[in-house]
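Just upload_38.txt here, compact mmCIF, C-alpha atoms and all ligand atoms:
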```txt
# COMPACT_ATOMS: atom_id res chain seq x y z
CA MET A 1 12.28 -14.99 6.92
CA LEU A 2 11.10 -11.36 7.04
CA SER A 3 12.94 -8.70 8.95
CA VAL A 4 11.72 -5.10 8.97
CA GLN A 5 14.12 -2.73 10.73
CA GLY A 6 13.63 0.98 11.33
CA LEU A 7 11.28 1.33 8.36
CA THR A 8 10.33 4.97 7.95
CA LYS A 9 8.19 6.90 5.49
CA ARG A 10 8.05 10.67 5.35
CA PHE A 11 5.70 12.78 3.28
CA GLY A 12 7.31 16.22 3.54
CA ASP A 13 7.24 17.11 7.23
CA LYS A 14 4.85 14.29 8.06
CA THR A 15 6.33 11.00 9.28
CA ALA A 16 3.67 8.46 8.35
CA VAL A 17 5.67 5.44 9.52
CA ASP A 18 8.32 6.00 12.15
CA LYS A 19 11.09 3.39 12.58
CA ALA A 20 8.85 0.35 12.38
CA SER A 21 10.67 -2.86 13.30
CA PHE A 22 9.47 -6.44 13.50
CA THR A 23 10.54 -9.89 12.37
CA VAL A 24 8.54 -12.86 11.20
CA GLU A 25 10.28 -16.23 11.53
CA LYS A 26 7.74 -18.41 9.77
CA PRO A 27 4.51 -17.82 7.81
CA ALA A 28 1.90 -16.40 10.14
CA MET A 29 -1.36 -14.51 9.97
CA ILE A 30 -0.64 -11.06 11.32
CA GLY A 31 -3.13 -8.28 11.93
CA ILE A 32 -2.09 -4.64 12.03
CA ILE A 33 -4.45 -2.44 13.99
CA GLY A 34 -4.64 1.22 14.89
CA ARG A 35 -6.82 4.23 14.39
CA SER A 36 -7.20 6.00 11.06
CA GLY A 37 -3.95 7.72 10.07
CA ALA A 38 -1.76 5.49 12.29
CA GLY A 39 0.34 4.48 9.27
CA LYS A 40 -1.01 0.98 8.57
CA SER A 41 -1.56 1.43 4.82
CA THR A 42 1.75 3.20 4.34
CA LEU A 43 3.55 0.34 6.07
CA LEU A 44 1.94 -2.26 3.79
CA ARG A 45 2.54 -0.11 0.70
CA MET A 46 6.23 0.14 1.55
CA MET A 47 6.40 -3.62 2.04
CA ASN A 48 4.89 -4.16 -1.40
CA ARG A 49 7.10 -1.38 -2.80
CA LEU A 50 4.09 0.62 -3.97
CA ALA A 51 5.62 3.36 -1.84
CA ASP A 52 9.34 4.02 -1.61
CA VAL A 53 11.04 3.69 1.74
CA SER A 54 12.48 6.89 3.23
CA GLU A 55 14.75 5.04 5.65
CA GLY A 56 15.27 1.59 7.11
CA SER A 57 15.53 -1.91 5.80
CA MET A 58 13.28 -4.79 4.88
CA VAL A 59 14.91 -8.17 4.28
CA TYR A 60 13.00 -11.20 3.01
CA ASN A 61 14.92 -14.48 2.79
CA ASP A 62 18.24 -12.64 2.78
CA VAL A 63 17.23 -10.18 0.03
CA GLU A 64 16.99 -6.45 0.77
CA ILE A 65 13.60 -5.49 -0.61
CA SER A 66 13.67 -1.74 -0.07
CA SER A 67 16.30 -1.17 -2.78
CA LEU A 68 14.95 -3.47 -5.52
CA ARG A 69 14.54 -1.85 -8.93
CA GLY A 70 13.00 -2.74 -12.31
CA ALA A 71 12.38 -6.43 -12.97
CA ASP A 72 13.52 -7.42 -9.46
CA LYS A 73 11.00 -5.06 -7.92
CA ARG A 74 8.22 -6.43 -10.15
CA GLU A 75 9.23 -9.98 -9.24
CA TRP A 76 8.94 -9.05 -5.56
CA GLN A 77 5.52 -7.49 -6.15
CA SER A 78 4.25 -10.73 -7.64
CA ARG A 79 5.59 -12.78 -4.72
CA CYS A 80 3.95 -10.36 -2.31
CA ALA A 81 0.40 -9.80 -3.57
CA MET A 82 -1.73 -6.91 -2.36
CA ILE A 83 -5.48 -6.82 -1.72
CA PHE A 84 -7.32 -3.54 -1.24
CA GLN A 85 -10.44 -2.34 0.52
CA GLN A 86 -12.06 -1.35 -2.79
CA PHE A 87 -11.18 -4.66 -4.53
CA ASN A 88 -9.59 -2.85 -7.53
CA LEU A 89 -11.25 -5.11 -10.11
CA VAL A 90 -12.11 -4.09 -13.67
CA PRO A 91 -15.89 -3.73 -13.16
CA ARG A 92 -17.06 -4.42 -16.73
CA MET A 93 -14.73 -7.36 -17.24
CA ASP A 94 -15.83 -10.90 -16.41
CA VAL A 95 -14.67 -12.57 -13.23
CA VAL A 96 -12.27 -15.07 -14.85
CA SER A 97 -10.53 -12.34 -16.85
CA ASN A 98 -10.14 -10.30 -13.67
CA VAL A 99 -8.53 -13.29 -11.98
CA LEU A 100 -6.28 -13.91 -14.98
CA HIS A 101 -5.03 -10.35 -14.63
CA GLY A 102 -3.02 -11.78 -11.74
CA THR A 103 -0.71 -13.37 -14.32
CA LEU A 104 0.01 -10.08 -16.13
CA ASN A 105 3.51 -9.83 -14.72
CA ARG A 106 4.63 -12.96 -16.48
CA ARG A 107 2.87 -12.46 -19.83
CA SER A 108 3.73 -10.47 -22.91
CA THR A 109 1.98 -7.15 -23.45
CA LEU A 110 0.54 -8.39 -26.75
CA ALA A 111 -0.96 -11.53 -25.21
CA SER A 112 -2.45 -9.40 -22.42
CA MET A 113 -3.90 -6.83 -24.84
CA PHE A 114 -5.80 -9.49 -26.72
CA ASN A 115 -6.80 -11.41 -23.61
CA LEU A 116 -4.94 -14.48 -24.82
CA TYR A 117 -4.63 -16.66 -21.78
CA PRO A 118 -3.14 -20.17 -21.80
CA GLN A 119 -5.71 -22.90 -21.18
CA VAL A 120 -3.77 -24.04 -18.13
CA ASP A 121 -4.13 -20.58 -16.55
CA ILE A 122 -7.86 -20.51 -17.26
CA HIS A 123 -8.26 -23.87 -15.51
CA LYS A 124 -6.17 -22.67 -12.61
CA ALA A 125 -8.30 -19.52 -12.30
CA ILE A 126 -11.49 -21.56 -12.18
CA GLU A 127 -9.99 -23.94 -9.62
CA ILE A 128 -9.08 -21.02 -7.39
CA LEU A 129 -12.56 -19.49 -7.78
CA ASP A 130 -14.01 -22.87 -6.88
CA ARG A 131 -11.86 -23.05 -3.78
CA LEU A 132 -13.20 -19.66 -2.76
CA GLY A 133 -16.78 -20.79 -3.39
CA ILE A 134 -17.52 -18.49 -6.34
CA ALA A 135 -16.81 -20.64 -9.43
CA GLU A 136 -20.42 -20.26 -10.55
CA GLN A 137 -19.85 -16.50 -10.87
CA ALA A 138 -16.93 -16.99 -13.30
CA ALA A 139 -18.68 -15.70 -16.44
CA LYS A 140 -20.38 -12.71 -14.80
CA ARG A 141 -19.09 -9.19 -14.92
CA ALA A 142 -17.26 -8.28 -11.74
CA GLU A 143 -19.63 -5.33 -11.16
CA ALA A 144 -22.59 -7.73 -10.93
CA LEU A 145 -21.17 -9.41 -7.81
CA SER A 146 -21.70 -8.51 -4.17
CA GLY A 147 -18.87 -6.79 -2.30
CA GLY A 148 -17.90 -10.01 -0.54
CA GLN A 149 -17.83 -11.91 -3.81
CA GLN A 150 -15.75 -9.16 -5.43
CA GLN A 151 -13.23 -9.32 -2.61
CA ARG A 152 -12.96 -13.08 -3.12
CA VAL A 153 -12.30 -12.43 -6.83
CA ALA A 154 -9.53 -10.06 -5.76
CA ILE A 155 -8.12 -12.78 -3.50
CA ALA A 156 -8.31 -15.24 -6.41
CA ARG A 157 -6.43 -12.76 -8.61
CA ALA A 158 -3.75 -12.50 -5.92
CA LEU A 159 -3.53 -16.31 -5.65
CA MET A 160 -2.95 -16.56 -9.43
CA GLN A 161 0.47 -15.08 -8.72
CA ASP A 162 1.14 -17.91 -6.26
CA PRO A 163 2.47 -15.35 -3.77
CA GLN A 164 4.41 -16.23 -0.64
CA ILE A 165 2.95 -13.21 1.14
CA ILE A 166 -0.49 -11.63 0.91
CA LEU A 167 -0.80 -8.06 2.13
CA ALA A 168 -4.42 -7.08 2.68
CA ASP A 169 -5.19 -3.41 3.27
CA GLU A 170 -8.49 -3.21 5.15
CA PRO A 171 -9.96 -6.11 3.14
CA ILE A 172 -13.28 -6.11 4.99
CA ALA A 173 -13.79 -2.41 5.66
CA SER A 174 -16.44 -2.11 2.92
CA LEU A 175 -18.25 -5.34 3.72
CA ASP A 176 -21.23 -6.28 5.85
CA PRO A 177 -20.53 -8.62 8.80
CA MET A 178 -21.53 -11.79 6.96
CA ASN A 179 -19.25 -11.08 3.98
CA ALA A 180 -16.50 -9.85 6.30
CA GLN A 181 -16.55 -13.24 7.99
CA ILE A 182 -16.41 -15.14 4.67
CA VAL A 183 -13.46 -13.07 3.45
CA MET A 184 -11.51 -13.37 6.73
CA GLU A 185 -12.11 -17.12 6.77
CA ALA A 186 -10.82 -17.35 3.19
CA LEU A 187 -7.65 -15.47 4.14
CA ARG A 188 -7.18 -17.65 7.21
CA ARG A 189 -7.55 -20.84 5.12
CA ILE A 190 -5.05 -19.55 2.58
CA HIS A 191 -2.59 -19.07 5.41
CA GLU A 192 -3.24 -22.42 7.08
CA GLU A 193 -3.61 -24.65 4.04
CA ASP A 194 -1.02 -23.07 1.74
CA GLY A 195 1.45 -21.86 4.36
CA ARG A 196 1.39 -18.31 2.97
CA MET A 197 2.13 -15.33 5.18
CA VAL A 198 -0.88 -13.03 5.47
CA ILE A 199 -0.51 -9.51 6.82
CA CYS A 200 -3.78 -7.74 7.16
CA ASN A 201 -4.61 -4.15 8.12
CA LEU A 202 -7.74 -4.18 10.20
CA HIS A 203 -9.50 -1.35 11.90
CA THR A 204 -11.40 -3.60 14.25
CA LEU A 205 -10.09 -5.39 17.29
CA ASP A 206 -12.42 -8.34 17.33
CA THR A 207 -11.39 -9.39 13.83
CA ALA A 208 -7.69 -9.19 14.66
CA ARG A 209 -8.19 -11.21 17.82
CA ARG A 210 -10.27 -13.81 16.13
CA TYR A 211 -8.30 -14.55 12.98
CA CYS A 212 -4.71 -13.55 13.63
CA ASP A 213 -1.88 -15.38 15.42
CA ARG A 214 -0.14 -12.13 16.10
CA VAL A 215 -1.27 -8.51 16.31
CA ILE A 216 0.81 -5.42 15.68
CA GLY A 217 -0.62 -2.17 17.01
CA MET A 218 0.35 1.17 15.45
CA ARG A 219 -0.10 4.65 16.83
CA ASP A 220 1.14 7.85 15.19
CA GLY A 221 3.37 5.89 12.79
CA ARG A 222 5.02 3.82 15.52
CA ILE A 223 4.60 0.20 16.46
CA VAL A 224 3.36 0.36 20.05
CA PHE A 225 2.26 -3.26 20.48
CA ASP A 226 3.40 -6.57 19.05
CA GLY A 227 1.97 -9.68 20.66
CA THR A 228 -0.61 -12.40 20.69
CA PRO A 229 -4.37 -11.79 20.66
CA ALA A 230 -4.42 -12.89 24.32
CA GLN A 231 -1.97 -10.12 25.22
CA LEU A 232 -4.18 -7.57 23.51
CA THR A 233 -6.16 -6.56 26.58
CA THR A 234 -8.66 -3.72 26.66
CA GLY A 235 -6.01 -1.57 28.39
CA VAL A 236 -3.48 -2.22 25.63
CA ALA A 237 -6.13 -1.54 23.00
CA ARG A 238 -6.94 1.77 24.70
CA ASP A 239 -3.28 2.77 24.38
CA ILE A 240 -3.12 1.76 20.72
CA TYR A 241 -6.23 3.76 19.89
CA GLY A 242 -5.16 6.64 22.11
CA ALA A 243 -8.56 6.55 23.78
CA GLY A 244 -9.68 7.57 27.25
CA ASP A 245 -11.34 5.55 30.00
CA ASP A 246 -14.58 5.65 28.07
CA PHE A 247 -12.99 3.49 25.34
CA SER A 248 -15.41 0.86 24.18
CA GLU A 249 -14.28 -2.13 22.17
CA ALA A 250 -17.71 -2.25 20.61
CA ALA A 251 -16.80 0.95 18.78
CA THR A 252 -14.14 -0.99 16.86
CA SER A 253 -16.23 -4.08 16.29
CA THR A 254 -17.18 -5.51 12.90
CA GLU A 255 -20.05 -7.30 14.55
CA ILE A 256 -18.75 -10.65 13.33
CA GLU A 257 -19.07 -11.87 16.92
CA THR A 258 -22.60 -10.56 17.07
CA LEU A 259 -23.39 -12.36 13.85
CA ASP A 260 -22.08 -15.63 15.29
CA ARG A 261 -24.01 -15.18 18.49
CA SER A 262 -27.25 -14.61 16.65
CA ASP A 263 -26.50 -17.60 14.38
CA SER A 264 -26.04 -19.90 17.37
CA ALA A 265 -29.10 -18.42 19.04
CA ARG A 266 -31.11 -19.37 15.96
CA ALA A 267 -29.62 -22.89 16.02
CA VAL A 268 -30.99 -23.55 19.53
CA PRO A 269 -34.36 -25.31 19.25
CA ALA A 270 -37.24 -23.42 20.86
N1 LIG T 301 0.57 10.26 -0.21
C1 LIG T 301 0.55 10.90 0.97
N2 LIG T 301 0.91 12.20 1.06
C2 LIG T 301 0.92 12.84 2.25
N3 LIG T 301 0.55 12.27 3.41
C3 LIG T 301 0.16 10.98 3.39
C4 LIG T 301 0.14 10.23 2.16
N4 LIG T 301 -0.28 8.97 2.46
C5 LIG T 301 -0.52 8.95 3.79
N5 LIG T 301 -0.25 10.14 4.35
C6 LIG T 301 -0.38 10.50 5.77
O1 LIG T 301 0.33 9.55 6.51
C7 LIG T 301 -0.38 9.18 7.69
C8 LIG T 301 -0.62 7.68 7.72
O2 LIG T 301 -1.57 7.36 6.71
P1 LIG T 301 -2.03 5.86 6.43
O3 LIG T 301 -3.00 5.91 5.31
O4 LIG T 301 -0.84 5.01 6.29
O5 LIG T 301 -2.76 5.51 7.79
P2 LIG T 301 -3.76 4.31 8.09
O6 LIG T 301 -3.46 3.84 9.47
O7 LIG T 301 -3.69 3.30 7.01
O8 LIG T 301 -5.17 5.03 8.09
P3 LIG T 301 -6.55 4.59 7.38
O9 LIG T 301 -7.05 3.44 8.18
O10 LIG T 301 -7.39 5.81 7.50
O11 LIG T 301 -6.19 4.25 5.97
C9 LIG T 301 -1.65 10.01 7.68
O12 LIG T 301 -1.45 11.16 8.47
C10 LIG T 301 -1.82 10.38 6.24
O13 LIG T 301 -2.51 11.59 6.11
```

Take the structure in the file and give it back as structure tokens.
Amino acid sequence: MLSVQGLTKRFGDKTAVDKASFTVEKPAMIGIIGRSGAGKSTLLRMMNRLADVSEGSMVYNDVEISSLRGADKREWQSRCAMIFQQFNLVPRMDVVSNVLHGTLNRRSTLASMFNLYPQVDIHKAIEILDRLGIAEQAAKRAEALSGGQQQRVAIARALMQDPQIILADEPIASLDPMNAQIVMEALRRIHEEDGRMVICNLHTLDTARRYCDRVIGMRDGRIVFDGTPAQLTTGVARDIYGAGDDFSEAATSTEIETLDRSDSARAVPA
């Protein structure tokens, strides 16, 4: 399905991603972890073709992605939607229009300029918002929503493209634990219910362990771990993060676990 072989990105003398190789046989939810600067974002940006590949190959369903140009590249970018830490919404525009922006690739410039959206797309946008639990926010300006709601709008915009792959670059890094949990659960459901591949950069171990079927660990541009959450022991994590014996997993925690523990504590009758 997806085969990444020797993928490399250089910025001048700096090798941000160094011969990354992995294959994905069927849609999975994959977490990429590693410390800041490990190359996680650059890897995702190359996969989406936001960044050009310096070397290596990336084949999806028998098509070489790294050399696509023009309309073929845009077609790939709509099949492989990207979600960012900062949501990248148009703040003053209403939520539905932000979601409808996900159809820009297949609409004429004139129709887009005048915000002329087919009725069927508007209904689809509202259905997707409903699925993500934020349909009642549809008419509000994006800037009036909480961070977690804005990220769900960004996910809805991505789903408008009906992508086969969703690449999420630190989707919960700006969110509080409660919203982080809602967003990760939404991504997990999209993977399970729709069969889409989700590849998610995460800077926290607990989130990767909890939501992903497979975890890829990066260090200094290289893939140094590729396995299941169960194989991701504290020792392995220490290697990925290049930390010493004093490495504490709590330092890379989103506190989602803590949130759950306190929720269940509250649920126990006194
Ligand atoms: N446009 C660029 N020009 C020069 N160097 C870059 C550029 N983008 C990234 N780098 C460098 O490449 C390396 C990998 O960066 P990248 O953003 O991919 O890491 P990351 O693991 O996603 O980190 P973070 O979690 O902080 O975003 C870093 O050393 C970074 O400084």

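Distance check against ligand LIG 301 (chain T) using only C-alpha atoms and all ligand atoms: of A:Leu2, A:Ala138, A:Ala38, A:Ile65, the minimum falls on A:Ala38.
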
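Remark: for ligand LIG 301 (chain T), the closest of the candidate residues A:Asn179, A:Asn201, A:Gln86, A:Gln77 is A:Asn201 (distances computed over all atoms listed in the file).
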
Exercise for the section: List the neighbours of A:Val215 out to 7 Å using only C-alpha atoms; skip same-chain residues closer than 2 positions along the sequence, and give me the result as an MDAnalysis selection string. Expected result: chainID A and resid 30:32 208 212:213 217 226:229

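For stretch 131-136 of chain A, the non-local neighbours within 10 Å, defined as residues at least 3 positions apart in the same chain or in other chains and counting all atoms listed in the file, are Val95, Val96, Ala125, Ile126, Glu127, Ile128, Ala139, Lys140, Leu145, Gln149, Gln150, Arg152, Val153, Ile155, Ala156, Ile182, Val183, Glu185, Ala186, Leu187, Arg189 and Ile190 of chain A.
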
Handout entry: Point-to-point distance from atom CA of A:Lys40 to atom CA of A:Ala16, Å rounded to tenths
Key = 8.8 Å

Show me a table, sorted first by chain and then by increasing residue number, of the residues of chain A having an atom at most 12 Å from ligand LIG 301 (chain T), each with its shortest atom pair and the distance in Å to one decimal, counting only C-alpha atoms and all ligand atoms and written as CSV.
```
residue,atom,partner,partner_atom,distance
A:Thr8,CA,T:LIG301,O1,11.1
A:Lys9,CA,T:LIG301,O1,8.4
A:Arg10,CA,T:LIG301,O1,7.9
A:Phe11,CA,T:LIG301,C2,4.9
A:Gly12,CA,T:LIG301,C2,7.3
A:Asp13,CA,T:LIG301,N3,9.1
A:Lys14,CA,T:LIG301,N3,6.6
A:Thr15,CA,T:LIG301,O1,6.8
A:Ala16,CA,T:LIG301,O1,4.0
A:Val17,CA,T:LIG301,C8,6.9
A:Asp18,CA,T:LIG301,C8,10.1
A:Ile32,CA,T:LIG301,O6,9.0
A:Ile33,CA,T:LIG301,O6,7.8
A:Gly34,CA,T:LIG301,O6,6.1
A:Arg35,CA,T:LIG301,O6,6.0
A:Ser36,CA,T:LIG301,O10,3.6
A:Gly37,CA,T:LIG301,O5,3.4
A:Ala38,CA,T:LIG301,O6,3.7
A:Gly39,CA,T:LIG301,O4,3.2
A:Lys40,CA,T:LIG301,O6,3.9
A:Ser41,CA,T:LIG301,O7,3.6
A:Thr42,CA,T:LIG301,O4,3.7
A:Leu43,CA,T:LIG301,O4,6.4
A:Leu44,CA,T:LIG301,O4,8.2
A:Arg45,CA,T:LIG301,O4,8.3
A:Met46,CA,T:LIG301,O4,9.8
A:Leu50,CA,T:LIG301,N1,10.9
A:Ala51,CA,T:LIG301,N1,8.7
A:Asp52,CA,T:LIG301,N1,10.9
A:Phe84,CA,T:LIG301,O11,10.7
A:Gln85,CA,T:LIG301,O11,9.5
A:Gln86,CA,T:LIG301,O11,11.9
A:Ala168,CA,T:LIG301,O7,11.3
A:Asp169,CA,T:LIG301,O7,7.8
A:Glu170,CA,T:LIG301,O9,7.4
A:Pro171,CA,T:LIG301,O9,11.2
A:Ile172,CA,T:LIG301,O9,11.8
A:Ala173,CA,T:LIG301,O9,9.3
A:Cys200,CA,T:LIG301,O7,11.0
A:Asn201,CA,T:LIG301,O7,7.6
A:Leu202,CA,T:LIG301,O9,7.9
A:His203,CA,T:LIG301,O9,6.5
A:Thr204,CA,T:LIG301,O9,10.3
A:Ile216,CA,T:LIG301,O6,11.9
A:Gly217,CA,T:LIG301,O6,10.1
A:Met218,CA,T:LIG301,O6,7.6
A:Arg219,CA,T:LIG301,O6,8.1
A:Asp220,CA,T:LIG301,C8,7.7
A:Gly221,CA,T:LIG301,C8,6.7
A:Arg222,CA,T:LIG301,C8,10.4
A:Ile223,CA,T:LIG301,O6,11.3
A:Ile240,CA,T:LIG301,O6,11.4
A:Tyr241,CA,T:LIG301,O6,10.8
```

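From atom CA of A:Leu100 back to atom CA of A:Leu129, the distance works out to 11.1 Å.
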
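Counting only C-alpha atoms and comparing A:Met184, A:Tyr117, A:Arg141, A:Arg214, the residue that lies closest to A:Asp94 is A:Arg141.
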
Handout entry: Of the listed residues A:Leu7, A:Leu175, A:Ala237, A:Ala180, that which approaches A:Ser57 most closely, counting only C-alpha atoms
Key = A:Leu7

Practice task
Enumerate, as an NGL selection string, the protein, DNA and RNA residues whose atoms approach (14.5, -2.6, 10.8) to within 7 Å, taking into account all atoms listed in the file and the coordinate frame of the file.
Solution key: :A and (3-7 or 20-22 or 56-58)

Since we have the selection now, will you write its residues out, keeping C-alpha atoms, as a compact mmCIF listing (two decimals), in the coordinates of the input?
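This went into result-v2.txt:
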```
# COMPACT_ATOMS: atom_id res chain seq x y z
CA SER A 3 12.94 -8.70 8.95
CA VAL A 4 11.72 -5.10 8.97
CA GLN A 5 14.12 -2.73 10.73
CA GLY A 6 13.63 0.98 11.33
CA LEU A 7 11.28 1.33 8.36
CA ALA A 20 8.85 0.35 12.38
CA SER A 21 10.67 -2.86 13.30
CA PHE A 22 9.47 -6.44 13.50
CA GLY A 56 15.27 1.59 7.11
CA SER A 57 15.53 -1.91 5.80
CA MET A 58 13.28 -4.79 4.88
```

Problem - Å distance separating atom CA of A:Val24 from atom CA of A:Ala154, one decimal place - result: 24.9 Å
